[in-house]
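A.B. asks: Could you have a look at this structure, given as structure tokens, before my questions?
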Amino acid sequence: MEKVLIYDTTLRDGTQGEGISLSVEDKLKIALRLDQFGVHYIEGGWPGSNPKDMEFFQKVKELPLKTAKITAFGSTRRQGISADQDENLQKLLESGVSVVAIFGKTWDFQVTHALNSTLEENLSMIYDSVKFLKSHGLEVIFDAEHFFDGYKANSTYALETLKKAEEGGADWIVLCDTNGGTLPHEIGEIVAVVKQKLTTPIGVHCHNDSECAVANSIAAVREGARQVQGTMNGYGERCGNANLISIIPNLQLKLGYSCVREEQISLLTSLSRYVHEIANVAPPNNQPFTGMSAFAHKGGMHVSAILKSPETYEHMAPERVGNQRRVLVSELSGQSNLLYKAQELNMDLDKSNPVNKRILQKLKKMEHEGYQYEGAEASFELLVREELGEVKEFFTLESFKILVETEDSAVNTMAIVKLRVFDEVVHAAAEGNGPVNAFDNALRKALESFYPEIREMHLSDYKVRVLDEGGATAAKVRVLVESSNGKEQWNTVGVSTNIIEASWQSLFDSIRYFLLMKNELKVNAR
Ligand SMILES: CC(=O)SCCNC(=O)CCNC(=O)[C@H](O)C(C)(C)COP(=O)(O)OP(=O)(O)OC[C@H]1O[C@@H](n2cnc3c(N)ncnc32)[C@H](O)[C@@H]1OP(=O)(O)O
Ligand SMILES: CC(=O)C(=O)O
């Protein structure tokens, strides 16, 4: 298996993405996980840019890293001065790393219009900077900024810049699609030419402005690049960098290159989600390979087929990247979705059961009214168990009243509920910091003496979605409630034109789901 080295720049180029900001502690945590995963290089930041990055380089020395080389980033020397006078290059030395990456201009237009320099001086800047860093015993990676655009504009000059880096002693020359506008066939053609001209190993660094960064990185590897730079989850400037979370399984599992140890690939999903968590980014469900929906099947036809053979609608087995197959239930479901779910829930349903049709009809009718069960699996389970006659009546709501009043500048809320439990009528009143909270508190108060276990559960999330926005304040709303008992979580749904009524439905489902599971069945996480 041919080796392709993985160079992660989440901690540098990733943080150039809008909304991504990592503390030193965050960076250290991510570096540790990247090392455990087996990436070869971790670009920690730009020491000449800010004190935080310099602090990272001091602290990272204390981490017990096993695989990765920590790399510091910077630019070629400023024009008109010698390399040893350049503050940025000095900071690279001060960072104490053994590998540095410096970027230099390779596009003539950038030299004249961004650097305001001459083509000759830029060549010297590249040569002098690489040579200077090499003379200090460092491994030097030359990031050829804007290389593909530069090559298209003036291939002779662009190649000359690479030659200067090679003459200076660069260990790697990394071709960058800085503006992210190049397409895969162009990348392939250009890398093939460069490969003929250089003896230095080549890498690639792509941005995602044309949504081609992953494809471009793969195209470069196929033409001989042996280092791929990218970021976790594709974070990065503008539209992001090449997403290593997609590149690694494509290269290793589909094209037979070796990027990380074989057994590490199944850690990909947990790594991706860990980095999202630290970066405080909600993981996109549709993220290839590692997203929640990457192997989620919704259409009835698809589910029918994957039950026969998963390859019918999966490009690979989800377990290979540490993800899992999911089946969703919705108005697009057929019997197969239902049977799959029933099996997951340990329910005794088979294809010949006439109740299946009734359940599906009810599901589709409810979804037509605005309910959505793919995010409310506890409500779905109740719907099925009700049709199977497995849900007993724990309590019924006779009436409720919500009072909201203002006193001075404070808004006070109280809920009064009347429930029937085992033929007893119970009244309870409770305050809350809003109508739903007060309602929830009153319900618990009324039920506690009958079902003391209810103290174990609490509301952990509450979401409202307006279904027909044209209806303005009279619109139908869908309420999704997430509940937890500290160990498990479950989700329920309610729909009404009245937000309190929709909230009641989802609270009602939440409580009776908990009681049902607690009393009759084992609690399952949903
Ligand atoms: C493609 C990339 O992603 S490269 C990485 C980009 N990342 C960043 O810029 C984040 C970190 N940057 C910083 O903290 C700051 O920009 C610093 C500290 C590096 C520099 O700050 P300043 O000295 O105030 O300069 P400023 O950012 O305004 O401008 C950059 C200067 O570098 C010069 N420059 C740009 N590229 C290069 C290069 N490859 N080699 C040498 N000089 C360069 C520019 O011409 C400009 O010089 P000028 O002011 O004489 O026109
Ligand atoms: C070096 C770099 O980050 C780029 O060219 O995009």
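In the structure tokens, chains take letters A, B, ... by order of appearance, with residues numbered from 1 within each chain and ligands from 1 in the order shown.
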Please extract the residues at most 7 Å from ligand 2, counting only C-alpha atoms and all ligand atoms, and provide them as a PyMOL selection string, using the chain letters and residue numbers of this document.
C.D. replies: chain A and resi 13+103+143-146+176-178+205-207
A.B. asks: Run DSSP on the backbone and give me the residues of range 297-427 of chain A it puts in strand (DSSP E or B), as a compact mmCIF listing (two decimals) with C-alpha atoms, in the first residue's frame.
C.D. replies:
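File produced: part20.txt:
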```txt
# COMPACT_ATOMS: atom_id res chain seq x y z
CA HIS A 297 -32.64 5.52 5.25
CA ARG A 326 -30.40 4.22 10.88
CA VAL A 327 -33.91 3.80 9.59
CA THR A 396 -56.00 11.45 31.86
CA LEU A 397 -56.17 15.20 31.77
CA GLU A 398 -59.54 16.55 32.81
CA SER A 399 -58.67 20.24 32.45
CA PHE A 400 -55.93 22.81 32.86
CA LYS A 401 -55.66 26.53 33.35
CA ILE A 402 -52.61 28.74 32.79
CA LEU A 403 -52.46 32.16 34.41
CA VAL A 404 -49.95 34.77 33.31
CA GLU A 405 -49.96 38.07 35.15
CA THR A 406 -47.67 41.02 35.47
CA GLU A 407 -46.77 42.48 38.81
CA ALA A 410 -42.21 40.86 36.70
CA VAL A 411 -44.23 38.32 34.69
CA ASN A 412 -45.60 35.50 36.90
CA THR A 413 -46.93 32.24 35.49
CA MET A 414 -49.02 29.61 37.25
CA ALA A 415 -50.56 26.39 35.94
CA ILE A 416 -53.48 24.51 37.52
CA VAL A 417 -54.19 20.97 36.35
CA LYS A 418 -56.98 18.51 37.07
CA LEU A 419 -56.05 14.89 36.34
CA ARG A 420 -57.79 11.58 36.78
CA VAL A 421 -55.50 8.83 38.09
CA GLU A 424 -59.16 9.56 41.66
CA VAL A 425 -59.40 13.20 40.67
CA VAL A 426 -56.28 15.18 41.57
CA HIS A 427 -55.72 18.93 41.46
```
A.B. asks: How would you write, as a ChimeraX atom specification, the set of residues no farther than 10 Å from ligand 1 when counting only C-alpha atoms and all ligand atoms?
C.D. replies: /A:12-16,45-51,53,73-79,86-88,102-106,110-117,122,125-126,129,143-146,176-179,205,207,236-237,241
A.B. asks: For the selection just defined, write its residues with N, CA and C atoms to a file, as a short mmCIF file (atom, residue, chain, number, x, y, z; two decimals), in the first residue's frame.
C.D. replies:
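Below is the file that was written, again.cif:
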```
data_model
loop_
_atom_site.label_atom_id
_atom_site.label_comp_id
_atom_site.auth_asym_id
_atom_site.auth_seq_id
_atom_site.Cartn_x
_atom_site.Cartn_y
_atom_site.Cartn_z
N ARG A 12 -4.78 25.81 12.41
CA ARG A 12 -4.33 27.06 11.78
C ARG A 12 -5.34 27.48 10.71
N ASP A 13 -5.39 26.79 9.58
CA ASP A 13 -6.30 27.23 8.51
C ASP A 13 -7.76 27.01 8.94
N GLY A 14 -8.00 25.96 9.74
CA GLY A 14 -9.37 25.72 10.24
C GLY A 14 -9.90 26.92 11.01
N THR A 15 -9.02 27.52 11.81
CA THR A 15 -9.47 28.66 12.63
C THR A 15 -9.62 29.94 11.81
N GLN A 16 -9.21 29.90 10.53
CA GLN A 16 -9.48 31.04 9.65
C GLN A 16 -10.92 30.99 9.14
N GLY A 45 -0.40 26.41 14.37
CA GLY A 45 -0.72 27.83 14.29
C GLY A 45 0.45 28.60 13.70
N TRP A 46 0.31 29.91 13.80
CA TRP A 46 1.30 30.81 13.22
C TRP A 46 1.94 31.57 14.38
N PRO A 47 3.12 31.18 14.84
CA PRO A 47 3.69 31.81 16.03
C PRO A 47 3.92 33.31 15.87
N GLY A 48 4.15 33.76 14.63
CA GLY A 48 4.37 35.20 14.39
C GLY A 48 3.08 35.98 14.37
N SER A 49 1.94 35.30 14.52
CA SER A 49 0.66 35.99 14.40
C SER A 49 0.15 36.49 15.72
N ASN A 50 0.20 35.65 16.75
CA ASN A 50 -0.43 36.05 18.01
C ASN A 50 0.15 35.23 19.18
N PRO A 51 0.03 35.78 20.40
CA PRO A 51 0.62 35.10 21.57
C PRO A 51 -0.05 33.76 21.86
N ASP A 53 -1.02 31.46 19.76
CA ASP A 53 -0.39 30.39 18.98
C ASP A 53 0.99 30.07 19.55
N PHE A 73 3.57 27.46 11.32
CA PHE A 73 3.30 28.04 10.00
C PHE A 73 3.78 29.50 9.96
N GLY A 74 4.19 29.93 8.78
CA GLY A 74 4.58 31.33 8.60
C GLY A 74 4.73 31.64 7.12
N SER A 75 5.27 32.82 6.83
CA SER A 75 5.44 33.17 5.42
C SER A 75 6.92 33.32 5.09
N THR A 76 7.18 33.49 3.81
CA THR A 76 8.55 33.80 3.42
C THR A 76 8.93 35.16 4.00
N ARG A 77 10.19 35.47 3.97
CA ARG A 77 10.64 36.75 4.56
C ARG A 77 9.97 37.92 3.87
N ARG A 78 9.87 39.03 4.59
CA ARG A 78 9.37 40.26 3.98
C ARG A 78 10.37 40.74 2.93
N GLN A 79 9.87 41.49 1.97
CA GLN A 79 10.77 41.98 0.92
C GLN A 79 11.73 43.04 1.47
N ASP A 86 14.11 38.80 9.63
CA ASP A 86 12.65 38.72 9.52
C ASP A 86 12.03 38.19 10.82
N GLU A 87 11.12 38.99 11.36
CA GLU A 87 10.52 38.66 12.66
C GLU A 87 9.74 37.35 12.62
N ASN A 88 8.98 37.14 11.52
CA ASN A 88 8.17 35.93 11.39
C ASN A 88 9.02 34.67 11.38
N ILE A 102 6.16 27.18 5.36
CA ILE A 102 6.07 28.60 5.01
C ILE A 102 5.41 28.72 3.65
N PHE A 103 4.57 29.75 3.52
CA PHE A 103 3.93 29.94 2.22
C PHE A 103 4.62 31.07 1.48
N GLY A 104 4.69 30.89 0.16
CA GLY A 104 5.29 31.93 -0.68
C GLY A 104 4.45 32.09 -1.94
N LYS A 105 4.60 33.24 -2.55
CA LYS A 105 3.80 33.55 -3.75
C LYS A 105 4.35 32.79 -4.96
N THR A 106 3.41 32.26 -5.77
CA THR A 106 3.83 31.57 -7.00
C THR A 106 3.12 32.11 -8.23
N GLN A 110 -0.06 37.95 -8.04
CA GLN A 110 -0.04 38.16 -6.59
C GLN A 110 1.24 38.89 -6.17
N VAL A 111 2.34 38.57 -6.87
CA VAL A 111 3.61 39.21 -6.52
C VAL A 111 3.51 40.71 -6.79
N THR A 112 2.97 41.03 -7.97
CA THR A 112 2.94 42.45 -8.33
C THR A 112 1.81 43.20 -7.62
N HIS A 113 0.66 42.51 -7.37
CA HIS A 113 -0.49 43.23 -6.83
C HIS A 113 -0.73 43.06 -5.34
N ALA A 114 -0.30 41.94 -4.72
CA ALA A 114 -0.51 41.79 -3.27
C ALA A 114 0.76 42.11 -2.50
N LEU A 115 1.90 41.60 -3.02
CA LEU A 115 3.18 41.90 -2.35
C LEU A 115 3.73 43.27 -2.74
N ASN A 116 3.28 43.76 -3.91
CA ASN A 116 3.86 44.98 -4.48
C ASN A 116 5.37 44.84 -4.63
N SER A 117 5.76 43.72 -5.17
CA SER A 117 7.20 43.46 -5.28
C SER A 117 7.53 43.07 -6.73
N ASN A 122 10.72 38.18 -5.33
CA ASN A 122 9.91 37.09 -4.75
C ASN A 122 10.67 35.77 -4.82
N MET A 125 13.04 35.77 -2.06
CA MET A 125 12.36 35.62 -0.76
C MET A 125 12.12 34.13 -0.47
N ILE A 126 11.72 33.41 -1.52
CA ILE A 126 11.43 31.98 -1.34
C ILE A 126 12.74 31.24 -1.03
N SER A 129 14.37 32.18 2.39
CA SER A 129 13.61 31.74 3.58
C SER A 129 13.76 30.25 3.80
N ASP A 143 4.69 25.83 1.15
CA ASP A 143 3.31 25.90 0.65
C ASP A 143 3.29 26.89 -0.52
N ALA A 144 3.11 26.35 -1.72
CA ALA A 144 3.12 27.18 -2.93
C ALA A 144 1.73 27.81 -3.09
N GLU A 145 1.60 29.00 -2.49
CA GLU A 145 0.28 29.65 -2.45
C GLU A 145 -0.19 29.99 -3.86
N HIS A 146 -1.48 29.81 -4.12
CA HIS A 146 -2.11 30.12 -5.42
C HIS A 146 -1.43 29.40 -6.58
N CYS A 176 -0.86 24.63 -3.67
CA CYS A 176 -2.09 25.11 -3.02
C CYS A 176 -3.09 25.63 -4.03
N ASP A 177 -4.35 25.22 -3.88
CA ASP A 177 -5.44 25.85 -4.62
C ASP A 177 -6.09 26.83 -3.65
N THR A 178 -5.39 27.94 -3.47
CA THR A 178 -5.72 28.88 -2.40
C THR A 178 -7.12 29.48 -2.57
N ASN A 179 -7.49 29.82 -3.81
CA ASN A 179 -8.81 30.42 -4.03
C ASN A 179 -9.90 29.36 -4.23
N HIS A 205 -2.85 21.19 -1.17
CA HIS A 205 -3.61 21.93 -0.15
C HIS A 205 -4.75 22.62 -0.90
N HIS A 207 -8.70 24.40 -1.22
CA HIS A 207 -9.86 25.06 -0.59
C HIS A 207 -11.12 24.68 -1.35
N GLY A 236 -12.45 26.09 7.60
CA GLY A 236 -11.39 26.88 6.98
C GLY A 236 -11.92 28.16 6.36
N GLU A 237 -10.98 28.97 5.93
CA GLU A 237 -11.29 30.29 5.35
C GLU A 237 -12.39 30.18 4.28
N ASN A 241 -11.59 24.32 3.98
CA ASN A 241 -10.47 23.56 3.40
C ASN A 241 -10.95 22.17 3.00
#
```
A.B. asks: Give me the residues near range 30-39 of chain A as a list of chain:residue names, where near means some atom within 6 Å (using only C-alpha atoms) and where sequence neighbours in that chain fewer than 6 positions away do not count.
C.D. replies: A:Ile6, A:Thr67, A:Ala68, A:Val260, A:Gln264
A.B. asks: Would you mind exporting N, CA and C atoms of the selected residues as a PDB file, in the first residue's frame?
C.D. replies:
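After the write, part14.pdb holds the following:
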```pdb
ATOM      1  N   ILE A   6      -0.783  12.529   6.050  1.00  0.00           N
ATOM      2  CA  ILE A   6      -1.909  13.430   6.353  1.00  0.00           C
ATOM      3  C   ILE A   6      -1.398  14.604   7.186  1.00  0.00           C
ATOM      4  N   THR A  67       2.618   9.989  17.248  1.00  0.00           N
ATOM      5  CA  THR A  67       2.759   9.870  15.799  1.00  0.00           C
ATOM      6  C   THR A  67       3.064  11.199  15.114  1.00  0.00           C
ATOM      7  N   ALA A  68       2.322  12.221  15.529  1.00  0.00           N
ATOM      8  CA  ALA A  68       2.318  13.456  14.738  1.00  0.00           C
ATOM      9  C   ALA A  68       3.526  14.345  15.008  1.00  0.00           C
ATOM     10  N   VAL A 260      -3.730   6.152   7.576  1.00  0.00           N
ATOM     11  CA  VAL A 260      -3.569   5.899   9.020  1.00  0.00           C
ATOM     12  C   VAL A 260      -3.622   4.394   9.212  1.00  0.00           C
ATOM     13  N   GLN A 264      -7.495   2.392  12.853  1.00  0.00           N
ATOM     14  CA  GLN A 264      -7.857   3.742  13.271  1.00  0.00           C
ATOM     15  C   GLN A 264      -9.067   4.280  12.510  1.00  0.00           C
TER      16      GLN A 264
END
```
A.B. asks: Nearest residue to Val391 in chain A out of A:Leu507, A:Ile173, A:Met517, A:Ala502, using only C-alpha atoms?
C.D. replies: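 Under the stated criterion, the closest residue is A:Met517.
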A.B. asks: Per DSSP on the backbone, filter range 251-297 of chain A down to the residues in alpha helix (DSSP H) and report them as an MDAnalysis selection string.
C.D. replies: chainID A and resid 268:279
A.B. asks: Taking only C-alpha atoms into account, name the residue in A:Lys59, A:Met316, A:Gly322, A:Ser333 that is nearest to Ser304 in chain A.
C.D. replies: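 The closest residue to Ser304 in chain A is A:Ser333.
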A.B. asks: Measuring atom to atom with only C-alpha atoms, identify which of A:Asn216, A:Ser460, A:Ser506, A:Thr182 is nearest to Val228 in chain A.
C.D. replies: A:Asn216
